[in-house]
Amino acid sequence: MPPRVRVEWTGTAEDDLLLVIAKIAEENPVAAEDLLHEIREKAQGLSENPKLYAISQRAKQYRQLTVRANFLVYYRVITEDAPVLAKIMAVVHARQRWPQ
C-alpha cells in the first residue's frame, strides 16, 4: 500500500472556505455546517488518492475537486510522480471568477 499523502490547507483556502460557509450560514446554519463537513471530508480524502480529480480546465496549474456542483476546491499535488502533499489552494463558488 502506498504511503498516505499529507493534505495541507493554505491560509487563503481556509479563509475562502470560512467565507463561503459564513455566507450560507446567514440563511441556513444547518446547511452551512453540512457543507463544511462535506468539503473537509472530500479534501481529506485526497490523502488516499491525490490524483483522483482532473486537472482544472479553468486553472490548468491546479486539480479541481467539485462539491455539490456549486463549490470548487482547487489544489496542487506536490511531486506528481510520487505524491507527498496535496495542498489546498482555494475554495470558490462555481460562478466566481477564479483565478483572477
# chains A, B, ... in the order shown; residues from 1 in each chain; ligands from 1
>>> residues_around(residues="A:Ala86", least_positions_apart="4", cutoff="12 Å", atoms="only C-alpha atoms", output="PDB file with C-alpha atoms, in the first residue's frame")
ATOM      1  CA  ARG A   4      -0.645   8.374   2.681  1.00  0.00           C
ATOM      2  CA  VAL A   5      -0.296  11.845   1.286  1.00  0.00           C
ATOM      3  CA  ARG A   6      -0.433  14.816   3.649  1.00  0.00           C
ATOM      4  CA  VAL A   7      -3.294  17.279   2.995  1.00  0.00           C
ATOM      5  CA  GLU A   8      -2.477  20.894   3.813  1.00  0.00           C
ATOM      6  CA  TRP A   9      -4.677  23.991   3.534  1.00  0.00           C
ATOM      7  CA  THR A  10      -3.178  27.369   2.679  1.00  0.00           C
ATOM      8  CA  ALA A  43     -10.445  17.261   0.790  1.00  0.00           C
ATOM      9  CA  GLN A  44      -9.098  14.875   3.425  1.00  0.00           C
ATOM     10  CA  GLY A  45      -9.855  12.012   1.029  1.00  0.00           C
ATOM     11  CA  LEU A  46      -7.021  13.341  -1.124  1.00  0.00           C
ATOM     12  CA  SER A  47      -4.664  11.671   1.350  1.00  0.00           C
ATOM     13  CA  GLU A  48      -5.735   8.328  -0.109  1.00  0.00           C
ATOM     14  CA  ASN A  49      -5.755   9.316  -3.780  1.00  0.00           C
ATOM     15  CA  PRO A  50      -4.440  12.821  -4.526  1.00  0.00           C
ATOM     16  CA  LYS A  51      -4.776  12.380  -8.300  1.00  0.00           C
ATOM     17  CA  LEU A  52      -8.441  11.376  -8.129  1.00  0.00           C
ATOM     18  CA  TYR A  53      -9.659  14.671  -9.570  1.00  0.00           C
ATOM     19  CA  TYR A  62      -4.437  23.033 -10.299  1.00  0.00           C
ATOM     20  CA  ARG A  63      -6.597  19.980  -9.880  1.00  0.00           C
ATOM     21  CA  GLN A  64     -10.281  20.620  -9.212  1.00  0.00           C
ATOM     22  CA  LEU A  65     -12.459  18.842  -6.675  1.00  0.00           C
ATOM     23  CA  VAL A  73     -11.759  23.192  -4.341  1.00  0.00           C
ATOM     24  CA  TYR A  74      -8.508  23.855  -6.178  1.00  0.00           C
ATOM     25  CA  TYR A  75      -5.413  22.016  -5.089  1.00  0.00           C
ATOM     26  CA  ARG A  76      -1.904  21.104  -6.160  1.00  0.00           C
ATOM     27  CA  VAL A  77      -0.249  17.741  -5.864  1.00  0.00           C
ATOM     28  CA  ILE A  78       3.317  18.327  -4.803  1.00  0.00           C
ATOM     29  CA  THR A  79       5.664  15.935  -6.586  1.00  0.00           C
ATOM     30  CA  GLU A  80       3.243  14.453  -9.145  1.00  0.00           C
ATOM     31  CA  ALA A  82       5.400  10.300  -6.111  1.00  0.00           C
TER      32      ALA A  82
END
>>> select_by_dssp(residues="chain A", states="alpha helix (DSSP H)", output="NGL selection string")
:A and (11-27 or 29-44)
>>> write_last_selection(atoms="N, CA and C atoms", output="JSON list (two decimals), in the first residue's frame")
[["chain", "number", "residue", "atom", "x", "y", "z"],
["A", 11, "GLY", "N", -3.53, 29.36, 4.03],
["A", 11, "GLY", "CA", -4.34, 30.33, 4.77],
["A", 11, "GLY", "C", -5.43, 30.91, 3.91],
["A", 12, "THR", "N", -5.12, 31.16, 2.65],
["A", 12, "THR", "CA", -6.12, 31.71, 1.72],
["A", 12, "THR", "C", -7.28, 30.74, 1.51],
["A", 13, "ALA", "N", -6.96, 29.46, 1.36],
["A", 13, "ALA", "CA", -8.01, 28.46, 1.16],
["A", 13, "ALA", "C", -8.90, 28.34, 2.40],
["A", 14, "GLU", "N", -8.28, 28.39, 3.59],
["A", 14, "GLU", "CA", -9.06, 28.36, 4.84],
["A", 14, "GLU", "C", -10.00, 29.56, 4.90],
["A", 15, "ASP", "N", -9.47, 30.74, 4.56],
["A", 15, "ASP", "CA", -10.29, 31.96, 4.56],
["A", 15, "ASP", "C", -11.43, 31.85, 3.56],
["A", 16, "ASP", "N", -11.12, 31.32, 2.36],
["A", 16, "ASP", "CA", -12.16, 31.13, 1.33],
["A", 16, "ASP", "C", -13.28, 30.25, 1.86],
["A", 17, "LEU", "N", -12.90, 29.13, 2.48],
["A", 17, "LEU", "CA", -13.88, 28.18, 2.99],
["A", 17, "LEU", "C", -14.75, 28.83, 4.05],
["A", 18, "LEU", "N", -14.14, 29.52, 4.99],
["A", 18, "LEU", "CA", -14.91, 30.15, 6.07],
["A", 18, "LEU", "C", -15.84, 31.23, 5.54],
["A", 19, "LEU", "N", -15.42, 31.94, 4.50],
["A", 19, "LEU", "CA", -16.27, 32.96, 3.88],
["A", 19, "LEU", "C", -17.49, 32.33, 3.23],
["A", 20, "VAL", "N", -17.28, 31.25, 2.48],
["A", 20, "VAL", "CA", -18.39, 30.54, 1.83],
["A", 20, "VAL", "C", -19.37, 30.04, 2.90],
["A", 21, "ILE", "N", -18.84, 29.42, 3.94],
["A", 21, "ILE", "CA", -19.69, 28.85, 4.98],
["A", 21, "ILE", "C", -20.45, 29.94, 5.73],
["A", 22, "ALA", "N", -19.80, 31.06, 6.03],
["A", 22, "ALA", "CA", -20.46, 32.16, 6.74],
["A", 22, "ALA", "C", -21.61, 32.72, 5.91],
["A", 23, "LYS", "N", -21.41, 32.83, 4.62],
["A", 23, "LYS", "CA", -22.46, 33.38, 3.75],
["A", 23, "LYS", "C", -23.68, 32.46, 3.74],
["A", 24, "ILE", "N", -23.44, 31.17, 3.65],
["A", 24, "ILE", "CA", -24.55, 30.20, 3.66],
["A", 24, "ILE", "C", -25.22, 30.17, 5.02],
["A", 25, "ALA", "N", -24.44, 30.28, 6.09],
["A", 25, "ALA", "CA", -24.98, 30.22, 7.45],
["A", 25, "ALA", "C", -25.94, 31.36, 7.75],
["A", 26, "GLU", "N", -25.79, 32.48, 7.06],
["A", 26, "GLU", "CA", -26.72, 33.60, 7.25],
["A", 26, "GLU", "C", -28.16, 33.17, 6.97],
["A", 27, "GLU", "N", -28.33, 32.29, 6.00],
["A", 27, "GLU", "CA", -29.68, 31.82, 5.61],
["A", 27, "GLU", "C", -30.03, 30.47, 6.21],
["A", 29, "PRO", "N", -27.97, 27.83, 8.77],
["A", 29, "PRO", "CA", -26.81, 27.34, 9.52],
["A", 29, "PRO", "C", -26.58, 25.82, 9.43],
["A", 30, "VAL", "N", -27.64, 25.05, 9.37],
["A", 30, "VAL", "CA", -27.51, 23.60, 9.28],
["A", 30, "VAL", "C", -26.89, 23.21, 7.94],
["A", 31, "ALA", "N", -27.35, 23.82, 6.86],
["A", 31, "ALA", "CA", -26.79, 23.53, 5.53],
["A", 31, "ALA", "C", -25.33, 23.94, 5.47],
["A", 32, "ALA", "N", -25.00, 25.05, 6.10],
["A", 32, "ALA", "CA", -23.62, 25.52, 6.12],
["A", 32, "ALA", "C", -22.72, 24.52, 6.84],
["A", 33, "GLU", "N", -23.17, 24.03, 7.97],
["A", 33, "GLU", "CA", -22.40, 23.04, 8.73],
["A", 33, "GLU", "C", -22.22, 21.75, 7.94],
["A", 34, "ASP", "N", -23.29, 21.31, 7.27],
["A", 34, "ASP", "CA", -23.20, 20.10, 6.45],
["A", 34, "ASP", "C", -22.20, 20.28, 5.31],
["A", 35, "LEU", "N", -22.25, 21.44, 4.66],
["A", 35, "LEU", "CA", -21.32, 21.71, 3.56],
["A", 35, "LEU", "C", -19.89, 21.77, 4.05],
["A", 36, "LEU", "N", -19.67, 22.40, 5.19],
["A", 36, "LEU", "CA", -18.33, 22.47, 5.76],
["A", 36, "LEU", "C", -17.76, 21.07, 5.96],
["A", 37, "HIS", "N", -18.55, 20.19, 6.55],
["A", 37, "HIS", "CA", -18.09, 18.82, 6.80],
["A", 37, "HIS", "C", -17.84, 18.07, 5.49],
["A", 38, "GLU", "N", -18.71, 18.28, 4.53],
["A", 38, "GLU", "CA", -18.55, 17.59, 3.24],
["A", 38, "GLU", "C", -17.28, 18.04, 2.51],
["A", 39, "ILE", "N", -17.03, 19.34, 2.49],
["A", 39, "ILE", "CA", -15.82, 19.85, 1.84],
["A", 39, "ILE", "C", -14.57, 19.33, 2.54],
["A", 40, "ARG", "N", -14.55, 19.41, 3.85],
["A", 40, "ARG", "CA", -13.38, 18.94, 4.61],
["A", 40, "ARG", "C", -13.16, 17.43, 4.41],
["A", 41, "GLU", "N", -14.23, 16.68, 4.43],
["A", 41, "GLU", "CA", -14.13, 15.23, 4.26],
["A", 41, "GLU", "C", -13.58, 14.87, 2.87],
["A", 42, "LYS", "N", -14.12, 15.51, 1.84],
["A", 42, "LYS", "CA", -13.63, 15.23, 0.49],
["A", 42, "LYS", "C", -12.19, 15.67, 0.32],
["A", 43, "ALA", "N", -11.83, 16.79, 0.88],
["A", 43, "ALA", "CA", -10.45, 17.26, 0.79],
["A", 43, "ALA", "C", -9.52, 16.29, 1.52],
["A", 44, "GLN", "N", -9.93, 15.82, 2.68],
["A", 44, "GLN", "CA", -9.10, 14.88, 3.43],
["A", 44, "GLN", "C", -8.94, 13.56, 2.66]]
>>> atom_distance(atom1="atom CA of A:Arg95", atom2="atom CA of A:Leu72")
9.7 Å
>>> select_by_dssp(residues="chain A", states="strand (DSSP E or B)", output="ChimeraX atom specification")
/A:6-9,55,63-67,71-78,85-93
>>> decode(residues="stretch 16-60 of chain A", atoms="N, CA and C atoms", output="PDB file, in the first residue's frame")
ATOM      1  N   ASP A  16     -11.123  31.317   2.364  1.00  0.00           N
ATOM      2  CA  ASP A  16     -12.156  31.127   1.335  1.00  0.00           C
ATOM      3  C   ASP A  16     -13.278  30.246   1.865  1.00  0.00           C
ATOM      4  N   LEU A  17     -12.896  29.125   2.477  1.00  0.00           N
ATOM      5  CA  LEU A  17     -13.876  28.177   2.990  1.00  0.00           C
ATOM      6  C   LEU A  17     -14.750  28.826   4.052  1.00  0.00           C
ATOM      7  N   LEU A  18     -14.139  29.524   4.992  1.00  0.00           N
ATOM      8  CA  LEU A  18     -14.911  30.149   6.066  1.00  0.00           C
ATOM      9  C   LEU A  18     -15.841  31.233   5.540  1.00  0.00           C
ATOM     10  N   LEU A  19     -15.422  31.941   4.503  1.00  0.00           N
ATOM     11  CA  LEU A  19     -16.268  32.961   3.884  1.00  0.00           C
ATOM     12  C   LEU A  19     -17.495  32.331   3.226  1.00  0.00           C
ATOM     13  N   VAL A  20     -17.284  31.252   2.485  1.00  0.00           N
ATOM     14  CA  VAL A  20     -18.393  30.537   1.834  1.00  0.00           C
ATOM     15  C   VAL A  20     -19.373  30.037   2.896  1.00  0.00           C
ATOM     16  N   ILE A  21     -18.838  29.423   3.940  1.00  0.00           N
ATOM     17  CA  ILE A  21     -19.691  28.850   4.982  1.00  0.00           C
ATOM     18  C   ILE A  21     -20.448  29.944   5.731  1.00  0.00           C
ATOM     19  N   ALA A  22     -19.798  31.061   6.032  1.00  0.00           N
ATOM     20  CA  ALA A  22     -20.463  32.162   6.735  1.00  0.00           C
ATOM     21  C   ALA A  22     -21.615  32.725   5.912  1.00  0.00           C
ATOM     22  N   LYS A  23     -21.408  32.835   4.620  1.00  0.00           N
ATOM     23  CA  LYS A  23     -22.460  33.376   3.750  1.00  0.00           C
ATOM     24  C   LYS A  23     -23.683  32.458   3.743  1.00  0.00           C
ATOM     25  N   ILE A  24     -23.440  31.165   3.651  1.00  0.00           N
ATOM     26  CA  ILE A  24     -24.553  30.201   3.659  1.00  0.00           C
ATOM     27  C   ILE A  24     -25.224  30.174   5.023  1.00  0.00           C
ATOM     28  N   ALA A  25     -24.444  30.280   6.092  1.00  0.00           N
ATOM     29  CA  ALA A  25     -24.976  30.218   7.453  1.00  0.00           C
ATOM     30  C   ALA A  25     -25.939  31.364   7.754  1.00  0.00           C
ATOM     31  N   GLU A  26     -25.793  32.480   7.056  1.00  0.00           N
ATOM     32  CA  GLU A  26     -26.722  33.602   7.253  1.00  0.00           C
ATOM     33  C   GLU A  26     -28.157  33.170   6.968  1.00  0.00           C
ATOM     34  N   GLU A  27     -28.332  32.289   6.002  1.00  0.00           N
ATOM     35  CA  GLU A  27     -29.675  31.824   5.608  1.00  0.00           C
ATOM     36  C   GLU A  27     -30.032  30.469   6.206  1.00  0.00           C
ATOM     37  N   ASN A  28     -28.988  29.599   6.325  1.00  0.00           N
ATOM     38  CA  ASN A  28     -29.267  28.236   6.752  1.00  0.00           C
ATOM     39  C   ASN A  28     -28.043  27.640   7.463  1.00  0.00           C
ATOM     40  N   PRO A  29     -27.970  27.825   8.772  1.00  0.00           N
ATOM     41  CA  PRO A  29     -26.809  27.339   9.521  1.00  0.00           C
ATOM     42  C   PRO A  29     -26.582  25.824   9.425  1.00  0.00           C
ATOM     43  N   VAL A  30     -27.645  25.055   9.368  1.00  0.00           N
ATOM     44  CA  VAL A  30     -27.507  23.598   9.283  1.00  0.00           C
ATOM     45  C   VAL A  30     -26.886  23.208   7.939  1.00  0.00           C
ATOM     46  N   ALA A  31     -27.353  23.816   6.862  1.00  0.00           N
ATOM     47  CA  ALA A  31     -26.792  23.531   5.534  1.00  0.00           C
ATOM     48  C   ALA A  31     -25.326  23.943   5.471  1.00  0.00           C
ATOM     49  N   ALA A  32     -25.004  25.053   6.104  1.00  0.00           N
ATOM     50  CA  ALA A  32     -23.615  25.522   6.124  1.00  0.00           C
ATOM     51  C   ALA A  32     -22.721  24.522   6.838  1.00  0.00           C
ATOM     52  N   GLU A  33     -23.168  24.029   7.974  1.00  0.00           N
ATOM     53  CA  GLU A  33     -22.398  23.041   8.735  1.00  0.00           C
ATOM     54  C   GLU A  33     -22.217  21.751   7.937  1.00  0.00           C
ATOM     55  N   ASP A  34     -23.285  21.314   7.274  1.00  0.00           N
ATOM     56  CA  ASP A  34     -23.204  20.102   6.446  1.00  0.00           C
ATOM     57  C   ASP A  34     -22.201  20.283   5.308  1.00  0.00           C
ATOM     58  N   LEU A  35     -22.247  21.439   4.658  1.00  0.00           N
ATOM     59  CA  LEU A  35     -21.325  21.711   3.558  1.00  0.00           C
ATOM     60  C   LEU A  35     -19.887  21.768   4.051  1.00  0.00           C
ATOM     61  N   LEU A  36     -19.670  22.399   5.188  1.00  0.00           N
ATOM     62  CA  LEU A  36     -18.330  22.474   5.756  1.00  0.00           C
ATOM     63  C   LEU A  36     -17.757  21.065   5.960  1.00  0.00           C
ATOM     64  N   HIS A  37     -18.548  20.186   6.553  1.00  0.00           N
ATOM     65  CA  HIS A  37     -18.088  18.816   6.801  1.00  0.00           C
ATOM     66  C   HIS A  37     -17.843  18.073   5.495  1.00  0.00           C
ATOM     67  N   GLU A  38     -18.707  18.278   4.530  1.00  0.00           N
ATOM     68  CA  GLU A  38     -18.554  17.591   3.241  1.00  0.00           C
ATOM     69  C   GLU A  38     -17.281  18.041   2.515  1.00  0.00           C
ATOM     70  N   ILE A  39     -17.028  19.342   2.494  1.00  0.00           N
ATOM     71  CA  ILE A  39     -15.820  19.849   1.837  1.00  0.00           C
ATOM     72  C   ILE A  39     -14.573  19.333   2.544  1.00  0.00           C
ATOM     73  N   ARG A  40     -14.551  19.413   3.855  1.00  0.00           N
ATOM     74  CA  ARG A  40     -13.377  18.937   4.614  1.00  0.00           C
ATOM     75  C   ARG A  40     -13.157  17.431   4.414  1.00  0.00           C
ATOM     76  N   GLU A  41     -14.235  16.675   4.427  1.00  0.00           N
ATOM     77  CA  GLU A  41     -14.131  15.226   4.264  1.00  0.00           C
ATOM     78  C   GLU A  41     -13.579  14.866   2.875  1.00  0.00           C
ATOM     79  N   LYS A  42     -14.116  15.511   1.842  1.00  0.00           N
ATOM     80  CA  LYS A  42     -13.631  15.229   0.491  1.00  0.00           C
ATOM     81  C   LYS A  42     -12.185  15.667   0.319  1.00  0.00           C
ATOM     82  N   ALA A  43     -11.830  16.792   0.882  1.00  0.00           N
ATOM     83  CA  ALA A  43     -10.445  17.261   0.790  1.00  0.00           C
ATOM     84  C   ALA A  43      -9.523  16.291   1.522  1.00  0.00           C
ATOM     85  N   GLN A  44      -9.932  15.815   2.678  1.00  0.00           N
ATOM     86  CA  GLN A  44      -9.098  14.875   3.425  1.00  0.00           C
ATOM     87  C   GLN A  44      -8.943  13.561   2.663  1.00  0.00           C
ATOM     88  N   GLY A  45      -9.936  13.218   1.852  1.00  0.00           N
ATOM     89  CA  GLY A  45      -9.855  12.012   1.029  1.00  0.00           C
ATOM     90  C   GLY A  45      -8.698  12.038   0.034  1.00  0.00           C
ATOM     91  N   LEU A  46      -8.168  13.220  -0.234  1.00  0.00           N
ATOM     92  CA  LEU A  46      -7.021  13.341  -1.124  1.00  0.00           C
ATOM     93  C   LEU A  46      -5.807  12.618  -0.556  1.00  0.00           C
ATOM     94  N   SER A  47      -5.796  12.384   0.743  1.00  0.00           N
ATOM     95  CA  SER A  47      -4.664  11.671   1.350  1.00  0.00           C
ATOM     96  C   SER A  47      -4.576  10.239   0.831  1.00  0.00           C
ATOM     97  N   GLU A  48      -5.693   9.687   0.426  1.00  0.00           N
ATOM     98  CA  GLU A  48      -5.735   8.328  -0.109  1.00  0.00           C
ATOM     99  C   GLU A  48      -5.420   8.307  -1.609  1.00  0.00           C
ATOM    100  N   ASN A  49      -5.927   9.291  -2.327  1.00  0.00           N
ATOM    101  CA  ASN A  49      -5.755   9.316  -3.780  1.00  0.00           C
ATOM    102  C   ASN A  49      -5.698  10.767  -4.263  1.00  0.00           C
ATOM    103  N   PRO A  50      -4.535  11.403  -4.197  1.00  0.00           N
ATOM    104  CA  PRO A  50      -4.440  12.821  -4.526  1.00  0.00           C
ATOM    105  C   PRO A  50      -4.670  13.146  -6.007  1.00  0.00           C
ATOM    106  N   LYS A  51      -4.581  12.146  -6.865  1.00  0.00           N
ATOM    107  CA  LYS A  51      -4.776  12.380  -8.300  1.00  0.00           C
ATOM    108  C   LYS A  51      -6.179  11.990  -8.757  1.00  0.00           C
ATOM    109  N   LEU A  52      -7.080  11.801  -7.813  1.00  0.00           N
ATOM    110  CA  LEU A  52      -8.441  11.376  -8.129  1.00  0.00           C
ATOM    111  C   LEU A  52      -9.157  12.373  -9.038  1.00  0.00           C
ATOM    112  N   TYR A  53      -8.940  13.642  -8.819  1.00  0.00           N
ATOM    113  CA  TYR A  53      -9.659  14.671  -9.570  1.00  0.00           C
ATOM    114  C   TYR A  53      -8.796  15.206 -10.705  1.00  0.00           C
ATOM    115  N   ALA A  54      -9.466  15.595 -11.782  1.00  0.00           N
ATOM    116  CA  ALA A  54      -8.774  16.029 -13.004  1.00  0.00           C
ATOM    117  C   ALA A  54      -8.131  17.399 -12.847  1.00  0.00           C
ATOM    118  N   ILE A  55      -7.211  17.664 -13.744  1.00  0.00           N
ATOM    119  CA  ILE A  55      -6.626  18.998 -13.832  1.00  0.00           C
ATOM    120  C   ILE A  55      -7.729  19.940 -14.303  1.00  0.00           C
ATOM    121  N   SER A  56      -7.836  21.077 -13.659  1.00  0.00           N
ATOM    122  CA  SER A  56      -8.900  22.040 -13.926  1.00  0.00           C
ATOM    123  C   SER A  56      -8.784  22.621 -15.331  1.00  0.00           C
ATOM    124  N   GLN A  57      -9.904  22.758 -15.991  1.00  0.00           N
ATOM    125  CA  GLN A  57      -9.942  23.440 -17.284  1.00  0.00           C
ATOM    126  C   GLN A  57      -9.854  24.950 -17.098  1.00  0.00           C
ATOM    127  N   ARG A  58     -10.287  25.425 -15.948  1.00  0.00           N
ATOM    128  CA  ARG A  58     -10.294  26.842 -15.641  1.00  0.00           C
ATOM    129  C   ARG A  58      -8.922  27.346 -15.187  1.00  0.00           C
ATOM    130  N   ALA A  59      -8.228  26.523 -14.427  1.00  0.00           N
ATOM    131  CA  ALA A  59      -6.920  26.900 -13.870  1.00  0.00           C
ATOM    132  C   ALA A  59      -6.008  25.679 -14.018  1.00  0.00           C
ATOM    133  N   LYS A  60      -5.339  25.589 -15.129  1.00  0.00           N
ATOM    134  CA  LYS A  60      -4.618  24.380 -15.515  1.00  0.00           C
ATOM    135  C   LYS A  60      -3.472  23.980 -14.591  1.00  0.00           C
TER     136      LYS A  60
END
